[in-house]
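S.K.: model35.csv is reproduced in full below (CSV, C-alpha atoms).
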```csv
chain,number,residue,atom,x,y,z
E,859,MET,CA,2.2,12.5,4.2
E,860,GLU,CA,0.6,15.9,3.6
E,861,ILE,CA,-3.1,16.4,3.1
E,862,THR,CA,-4.4,19.6,1.6
E,863,GLN,CA,-8.0,20.5,1.3
E,864,GLN,CA,-9.8,23.0,-0.9
E,865,GLN,CA,-13.3,23.7,-2.2
E,866,SER,CA,-14.4,24.4,-5.7
E,867,ASP,CA,-18.0,24.7,-6.7
E,868,GLY,CA,-19.2,22.5,-3.9
E,869,ILE,CA,-16.5,19.9,-4.6
E,870,ALA,CA,-14.1,19.0,-1.8
E,871,ILE,CA,-10.7,18.6,-3.4
E,872,ILE,CA,-8.3,16.6,-1.2
E,873,ALA,CA,-4.7,16.3,-2.4
E,874,LEU,CA,-2.5,13.6,-0.9
E,875,ASP,CA,1.2,14.2,-0.9
E,876,GLY,CA,3.7,11.5,0.0
E,877,ARG,CA,2.9,8.0,1.0
E,878,LEU,CA,-0.5,6.3,1.9
E,879,ASP,CA,0.5,3.2,3.8
E,880,ALA,CA,-0.1,1.2,7.0
E,881,VAL,CA,1.3,4.1,9.0
E,882,THR,CA,-0.2,7.2,7.4
E,883,SER,CA,-3.6,5.8,6.4
E,884,ALA,CA,-5.2,6.4,9.8
E,885,ASP,CA,-4.5,10.2,9.5
E,886,ALA,CA,-5.9,10.2,6.0
E,887,GLU,CA,-9.0,8.3,7.2
E,888,ARG,CA,-9.7,10.9,9.9
E,889,GLU,CA,-9.3,13.7,7.3
E,890,PHE,CA,-11.7,12.1,4.9
E,891,ASN,CA,-14.2,11.4,7.6
E,892,SER,CA,-14.2,15.0,8.8
E,893,VAL,CA,-14.9,16.1,5.2
E,894,LEU,CA,-17.8,13.6,4.9
E,895,ASP,CA,-19.1,14.5,8.4
E,896,SER,CA,-19.2,18.1,7.4
E,897,GLY,CA,-21.9,17.2,4.8
E,898,ARG,CA,-19.7,17.2,1.6
E,899,GLU,CA,-20.9,14.7,-1.0
E,900,LYS,CA,-18.6,15.4,-3.9
E,901,LEU,CA,-15.0,14.4,-3.4
E,902,LEU,CA,-12.1,14.7,-5.7
E,903,ILE,CA,-9.0,13.1,-4.5
E,904,ASP,CA,-5.9,14.4,-6.2
E,905,LEU,CA,-3.1,11.8,-6.2
E,906,SER,CA,-0.7,13.5,-8.5
E,907,HIS,CA,1.8,13.9,-5.6
E,908,LEU,CA,1.2,10.5,-4.1
E,909,GLU,CA,4.3,8.5,-4.6
E,910,TYR,CA,3.3,5.3,-2.9
E,911,ILE,CA,0.1,3.4,-1.9
E,912,SER,CA,-0.2,-0.1,-0.3
E,913,SER,CA,-3.3,-2.2,0.5
E,914,ALA,CA,-3.7,-0.2,3.7
E,915,GLY,CA,-4.1,2.9,1.5
E,916,LEU,CA,-6.5,1.2,-0.9
E,917,ARG,CA,-8.6,0.1,2.1
E,918,ILE,CA,-9.1,3.7,3.2
E,919,LEU,CA,-10.1,4.8,-0.3
E,920,LEU,CA,-12.7,1.9,-0.6
E,921,VAL,CA,-14.2,2.8,2.8
E,922,VAL,CA,-14.5,6.5,1.7
E,923,ALA,CA,-16.0,5.5,-1.7
E,924,LYS,CA,-18.6,3.3,0.1
E,925,ARG,CA,-19.5,6.2,2.4
E,926,VAL,CA,-19.9,8.6,-0.5
E,927,GLN,CA,-22.1,6.1,-2.3
E,928,GLN,CA,-24.3,5.7,0.7
E,929,LYS,CA,-24.8,9.4,0.8
E,930,GLY,CA,-25.7,9.5,-2.9
E,931,GLY,CA,-22.6,11.5,-3.6
E,932,LYS,CA,-19.8,11.3,-6.2
E,933,ILE,CA,-16.2,10.5,-6.0
E,934,ALA,CA,-13.3,10.7,-8.5
E,935,LEU,CA,-9.5,10.5,-8.5
E,936,ASN,CA,-6.9,12.2,-10.6
E,937,GLY,CA,-3.2,12.1,-11.4
E,938,LEU,CA,-2.1,8.5,-10.6
E,939,THR,CA,1.6,8.2,-10.7
E,940,THR,CA,3.2,5.0,-12.2
E,941,GLY,CA,3.5,2.8,-9.2
E,942,VAL,CA,0.1,3.9,-7.8
E,943,ARG,CA,-1.5,3.2,-11.2
E,944,GLU,CA,0.0,-0.4,-11.2
E,945,VAL,CA,-1.4,-1.1,-7.7
E,946,PHE,CA,-4.9,0.2,-8.9
E,947,GLU,CA,-4.8,-2.0,-11.9
E,948,ILE,CA,-3.7,-5.2,-10.2
E,949,SER,CA,-6.3,-4.7,-7.3
E,950,GLY,CA,-9.1,-4.0,-9.7
E,951,PHE,CA,-9.5,-0.5,-8.2
E,952,SER,CA,-9.2,1.1,-11.6
E,953,ALA,CA,-12.7,-0.3,-12.3
E,954,ILE,CA,-14.2,0.9,-9.0
E,955,PHE,CA,-13.2,4.5,-9.3
E,956,LYS,CA,-13.6,7.2,-11.9
E,957,ILE,CA,-10.0,8.2,-12.7
E,958,PHE,CA,-8.8,11.2,-14.7
E,959,ASP,CA,-5.4,12.3,-15.7
E,960,ARG,CA,-5.9,16.0,-15.0
E,961,ARG,CA,-7.7,17.7,-12.2
E,962,ASP,CA,-9.7,19.9,-14.6
E,963,ASP,CA,-11.1,16.8,-16.4
E,964,ALA,CA,-12.2,15.4,-13.1
E,965,LEU,CA,-13.9,18.6,-12.1
E,966,GLU,CA,-15.9,18.4,-15.3
E,967,PHE,CA,-17.2,15.0,-14.3
E,968,PHE,CA,-18.9,16.5,-11.2
E,969,LYS,CA,-20.8,19.0,-13.3
E,970,GLY,CA,-22.4,16.2,-15.4
D,501,MET,CA,31.3,1.8,-1.5
D,502,ASN,CA,27.7,0.4,-1.6
D,503,ARG,CA,26.6,-2.1,0.9
D,504,LYS,CA,25.0,-5.1,-0.8
D,505,THR,CA,23.0,-6.5,2.1
D,506,PHE,CA,20.7,-4.8,4.6
D,507,THR,CA,19.4,-6.8,7.6
D,508,ALA,CA,17.5,-5.9,10.7
D,509,THR,CA,15.4,-7.6,13.4
D,510,ILE,CA,12.4,-5.6,14.5
D,511,LYS,CA,9.6,-5.8,17.0
D,512,THR,CA,6.1,-6.6,15.6
D,513,ASP,CA,4.5,-3.2,15.7
D,514,PHE,CA,3.7,-0.4,13.2
D,515,THR,CA,6.3,2.0,14.6
D,516,ALA,CA,9.0,-0.6,13.9
D,517,LEU,CA,7.5,-1.2,10.4
D,518,GLU,CA,7.7,2.5,9.7
D,519,ASP,CA,11.3,2.7,10.8
D,520,ILE,CA,12.4,-0.3,8.8
D,521,GLY,CA,10.5,0.9,5.7
D,522,THR,CA,12.5,4.1,5.9
D,523,ALA,CA,15.8,2.2,6.5
D,524,VAL,CA,15.2,-0.1,3.5
D,525,ARG,CA,14.3,3.0,1.3
D,526,GLU,CA,17.6,4.6,2.3
D,527,PHE,CA,19.5,1.4,1.6
D,528,LEU,CA,18.0,1.1,-1.9
D,529,THR,CA,18.5,4.8,-2.6
D,530,ALA,CA,22.2,4.6,-1.6
D,531,ALA,CA,22.5,1.6,-3.9
D,532,GLN,CA,20.9,3.6,-6.7
D,533,VAL,CA,17.8,1.4,-6.9
D,534,GLY,CA,14.7,3.5,-7.4
D,535,GLY,CA,11.5,3.6,-9.5
D,536,GLU,CA,9.6,0.4,-10.0
D,537,ALA,CA,12.0,-2.1,-8.4
D,538,ALA,CA,12.1,0.0,-5.2
D,539,TYR,CA,8.3,0.4,-5.1
D,540,LYS,CA,7.9,-3.4,-5.4
D,541,ILE,CA,10.3,-4.1,-2.6
D,542,GLU,CA,8.7,-1.5,-0.3
D,543,LEU,CA,5.3,-2.8,-1.0
D,544,ALA,CA,6.2,-6.5,-0.4
D,545,LEU,CA,8.0,-5.5,2.8
D,546,GLU,CA,5.0,-3.5,4.1
D,547,GLU,CA,2.3,-6.1,3.1
D,548,MET,CA,4.1,-9.1,4.5
D,549,VAL,CA,5.3,-7.6,7.7
D,550,THR,CA,1.9,-6.1,8.3
D,551,ASN,CA,0.5,-9.7,8.1
D,552,VAL,CA,3.0,-10.8,10.7
D,553,ILE,CA,2.1,-7.9,13.0
D,554,LYS,CA,-1.6,-8.5,12.7
D,555,TYR,CA,-1.9,-12.2,12.6
D,556,GLY,CA,1.5,-13.8,13.5
D,557,TYR,CA,1.2,-13.7,17.2
D,558,ASP,CA,-1.7,-14.1,19.6
D,559,VAL,CA,-0.2,-12.1,22.4
D,560,PRO,CA,1.8,-8.9,22.0
D,561,ASP,CA,5.2,-9.4,23.5
D,562,ASP,CA,8.5,-7.6,23.1
D,563,ALA,CA,10.1,-10.9,22.3
D,564,ASN,CA,8.0,-11.2,19.1
D,565,SER,CA,10.2,-10.3,16.2
D,566,VAL,CA,10.6,-10.3,12.4
D,567,THR,CA,13.9,-10.4,10.7
D,568,VAL,CA,14.2,-8.6,7.3
D,569,THR,CA,17.1,-9.0,4.9
D,570,VAL,CA,17.4,-7.2,1.6
D,571,SER,CA,20.1,-8.6,-0.7
D,572,LEU,CA,21.2,-6.7,-3.7
D,573,LEU,CA,22.4,-8.9,-6.6
D,574,PRO,CA,23.5,-7.8,-10.0
D,575,ASP,CA,20.2,-8.7,-11.7
D,576,ARG,CA,17.8,-8.8,-8.8
D,577,ILE,CA,16.8,-7.9,-5.3
D,578,VAL,CA,15.9,-10.6,-2.8
D,579,LEU,CA,13.8,-9.7,0.2
D,580,ALA,CA,13.8,-12.3,3.0
D,581,ILE,CA,11.4,-12.2,5.9
D,582,ALA,CA,11.6,-14.5,8.8
D,583,ASP,CA,9.3,-14.7,11.9
D,584,THR,CA,8.5,-17.2,14.7
D,585,GLY,CA,4.8,-16.6,14.6
D,586,HIS,CA,2.0,-18.9,13.5
D,587,GLU,CA,2.6,-21.1,10.5
D,588,PHE,CA,1.4,-19.1,7.5
D,589,ASN,CA,2.1,-19.7,3.9
D,590,PRO,CA,0.9,-16.6,1.9
D,591,LEU,CA,1.3,-18.6,-1.4
D,592,LEU,CA,-1.7,-20.7,-0.3
D,593,ALA,CA,-4.0,-17.7,0.3
D,594,ALA,CA,-7.0,-17.6,-2.0
D,595,PRO,CA,-6.8,-14.7,-4.4
D,596,PRO,CA,-9.5,-12.0,-3.9
D,597,ASP,CA,-12.2,-11.4,-6.5
D,598,THR,CA,-10.9,-8.2,-8.1
D,599,ALA,CA,-13.6,-7.9,-10.7
D,600,GLY,CA,-16.4,-6.6,-8.6
D,601,GLY,CA,-17.8,-3.1,-8.5
D,602,LEU,CA,-18.0,-0.9,-5.4
D,603,ASP,CA,-20.9,-2.7,-3.9
D,604,GLU,CA,-19.3,-6.2,-4.2
D,605,ARG,CA,-15.8,-5.3,-3.1
D,606,PRO,CA,-15.1,-6.3,0.5
D,607,ILE,CA,-12.8,-4.1,2.6
D,608,GLY,CA,-9.3,-5.5,2.6
D,609,GLY,CA,-7.7,-8.8,1.4
D,610,VAL,CA,-5.6,-7.5,-1.4
D,611,GLY,CA,-2.2,-7.2,0.3
D,612,ILE,CA,-0.9,-10.7,-0.6
D,613,HIS,CA,-2.4,-10.5,-4.0
D,614,LEU,CA,-0.6,-7.3,-4.8
D,615,THR,CA,2.7,-8.6,-3.5
D,616,ARG,CA,2.4,-11.8,-5.6
D,617,LYS,CA,1.5,-9.9,-8.8
D,618,MET,CA,4.1,-7.2,-8.4
D,619,THR,CA,7.1,-9.3,-7.6
D,620,ASP,CA,8.8,-11.9,-9.8
D,621,ALA,CA,9.1,-14.9,-7.5
D,622,MET,CA,8.1,-15.9,-4.0
D,623,THR,CA,9.0,-19.0,-2.0
D,624,TYR,CA,7.9,-20.0,1.4
D,625,SER,CA,9.2,-22.6,3.9
D,626,ARG,CA,8.6,-23.5,7.5
D,627,HIS,CA,11.8,-24.5,9.3
D,628,ASN,CA,12.5,-24.9,13.1
D,629,GLY,CA,9.3,-23.0,14.0
D,630,ARG,CA,10.0,-20.2,11.7
D,631,ASN,CA,8.2,-18.9,8.6
D,632,LEU,CA,10.7,-18.0,5.9
D,633,LEU,CA,9.6,-16.0,3.0
D,634,SER,CA,11.8,-15.1,0.1
D,635,ILE,CA,10.7,-12.6,-2.5
D,636,THR,CA,12.5,-11.7,-5.7
D,637,VAL,CA,12.3,-8.5,-7.8
D,638,LYS,CA,14.2,-8.5,-11.0
D,639,LEU,CA,16.3,-5.5,-11.9
D,640,THR,CA,15.9,-4.3,-15.5
D,641,PRO,CA,19.1,-2.8,-16.9
```
How would this structure read if it were set down as structure tokens?
M.R.:
Amino acid sequence: MEITQQQSDGIAIIALDGRLDAVTSADAEREFNSVLDSGREKLLIDLSHLEYISSAGLRILLVVAKRVQQKGGKIALNGLTTGVREVFEISGFSAIFKIFDRRDDALEFFKG
Amino acid sequence: MNRKTFTATIKTDFTALEDIGTAVREFLTAAQVGGEAAYKIELALEEMVTNVIKYGYDVPDDANSVTVTVSLLPDRIVLAIADTGHEFNPLLAAPPDTAGGLDERPIGGVGIHLTRKMTDAMTYSRHNGRNLLSITVKLTP
């Protein structure tokens, strides 16, 4: 699992590359928490290179989304691959998150 | 020549789960099973073995183990998981409410639900102090 971070107009963009599972989710949670602890309130999570997610990965995303909401911030996802999309639909996570195909469309959402 | 069966007995910890996940992926790749079917088997393996690791045994012990078998048939893959932990039938687990918004959603509780929805059949039996779970994923030609 590779986690890349960048900033764009006050939005923290976090790209996950690889697998978000029972083994890698602890690393991802630390990374998300450090971004939130640094005061960021707008998070775009780019999943276009995430090939696999399990319930352990969903758990981390839900924890992050709840933290962002408590801070009055905004969170969005983009680029769900086929298997990841199916997991989101079955678990009802498609309805919890704002999800965009392209990163540019997601960035627009933060401007609104 | 492709092997048609993979089997391994592992300790009940997350390092062992990571290793067997990798081994099963390699087995499926070698057998040219990828895409959706491979995803479903990987997910079922992770979710079900995670439950055994977390809840199957009260006391951590090197003797605690899970046996995983993946059988490749012409039209389907069968994943069998056997452990000697507490009796637990995932087919009887209440499904989570997946309709709620962010505020209503509790943390966790979707692993069994995902596994049941993403695979084609699941059977459970308890035999000689062992939980035996068999999960089928169909292969589409």
S.K.: May I have the residues of chain E within 8 Å of chain D, counting all atoms listed in the file, written as a compact mmCIF listing (two decimals) with C-alpha atoms, keeping the file's coordinate frame?
M.R.:
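Saved file out_37.txt follows:
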```txt
# COMPACT_ATOMS: atom_id res chain seq x y z
CA ALA E 880 -0.10 1.20 7.00
CA VAL E 881 1.30 4.10 9.00
CA TYR E 910 3.30 5.30 -2.90
CA SER E 912 -0.20 -0.10 -0.30
CA SER E 913 -3.30 -2.20 0.50
CA ALA E 914 -3.70 -0.20 3.70
CA ARG E 917 -8.60 0.10 2.10
CA LEU E 920 -12.70 1.90 -0.60
CA VAL E 921 -14.20 2.80 2.80
CA ALA E 923 -16.00 5.50 -1.70
CA LYS E 924 -18.60 3.30 0.10
CA GLY E 941 3.50 2.80 -9.20
CA VAL E 945 -1.40 -1.10 -7.70
CA ILE E 948 -3.70 -5.20 -10.20
CA SER E 949 -6.30 -4.70 -7.30
CA GLY E 950 -9.10 -4.00 -9.70
CA PHE E 951 -9.50 -0.50 -8.20
CA ALA E 953 -12.70 -0.30 -12.30
CA ILE E 954 -14.20 0.90 -9.00
```
S.K.: Between E:Leu919, E:Leu878, E:Leu935, E:Val926, which residue has the minimum interatomic distance to E:Leu894, considering only C-alpha atoms?
M.R.: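 Of E:Leu919, E:Leu878, E:Leu935, E:Val926, the one nearest E:Leu894 is E:Val926, counting only C-alpha atoms.
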S.K.: Using only C-alpha atoms, which of E:Ile933, E:Leu938, E:Leu905, E:Met859 sits nearest E:Phe968?
M.R.: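 Smallest separation from E:Phe968 among the options: E:Ile933.
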S.K.: Using only C-alpha atoms, can you tell me which of E:His907, E:Ile871, E:Lys932, E:Gly897 comes closest to E:Lys969?
M.R.: E:Lys932
S.K.: Taking into account all atoms listed in the file, which residue in the set E:Ala884, E:Val942, E:Leu901, E:Ala873 is nearest to E:Phe967?
M.R.: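 Result for the nearest residue to E:Phe967: E:Leu901.
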S.K.: How many Å separate atom CA of D:Leu633 from atom CA of D:Leu579?
M.R.: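 Atom CA of D:Leu633 sits 8.1 Å away from atom CA of D:Leu579.
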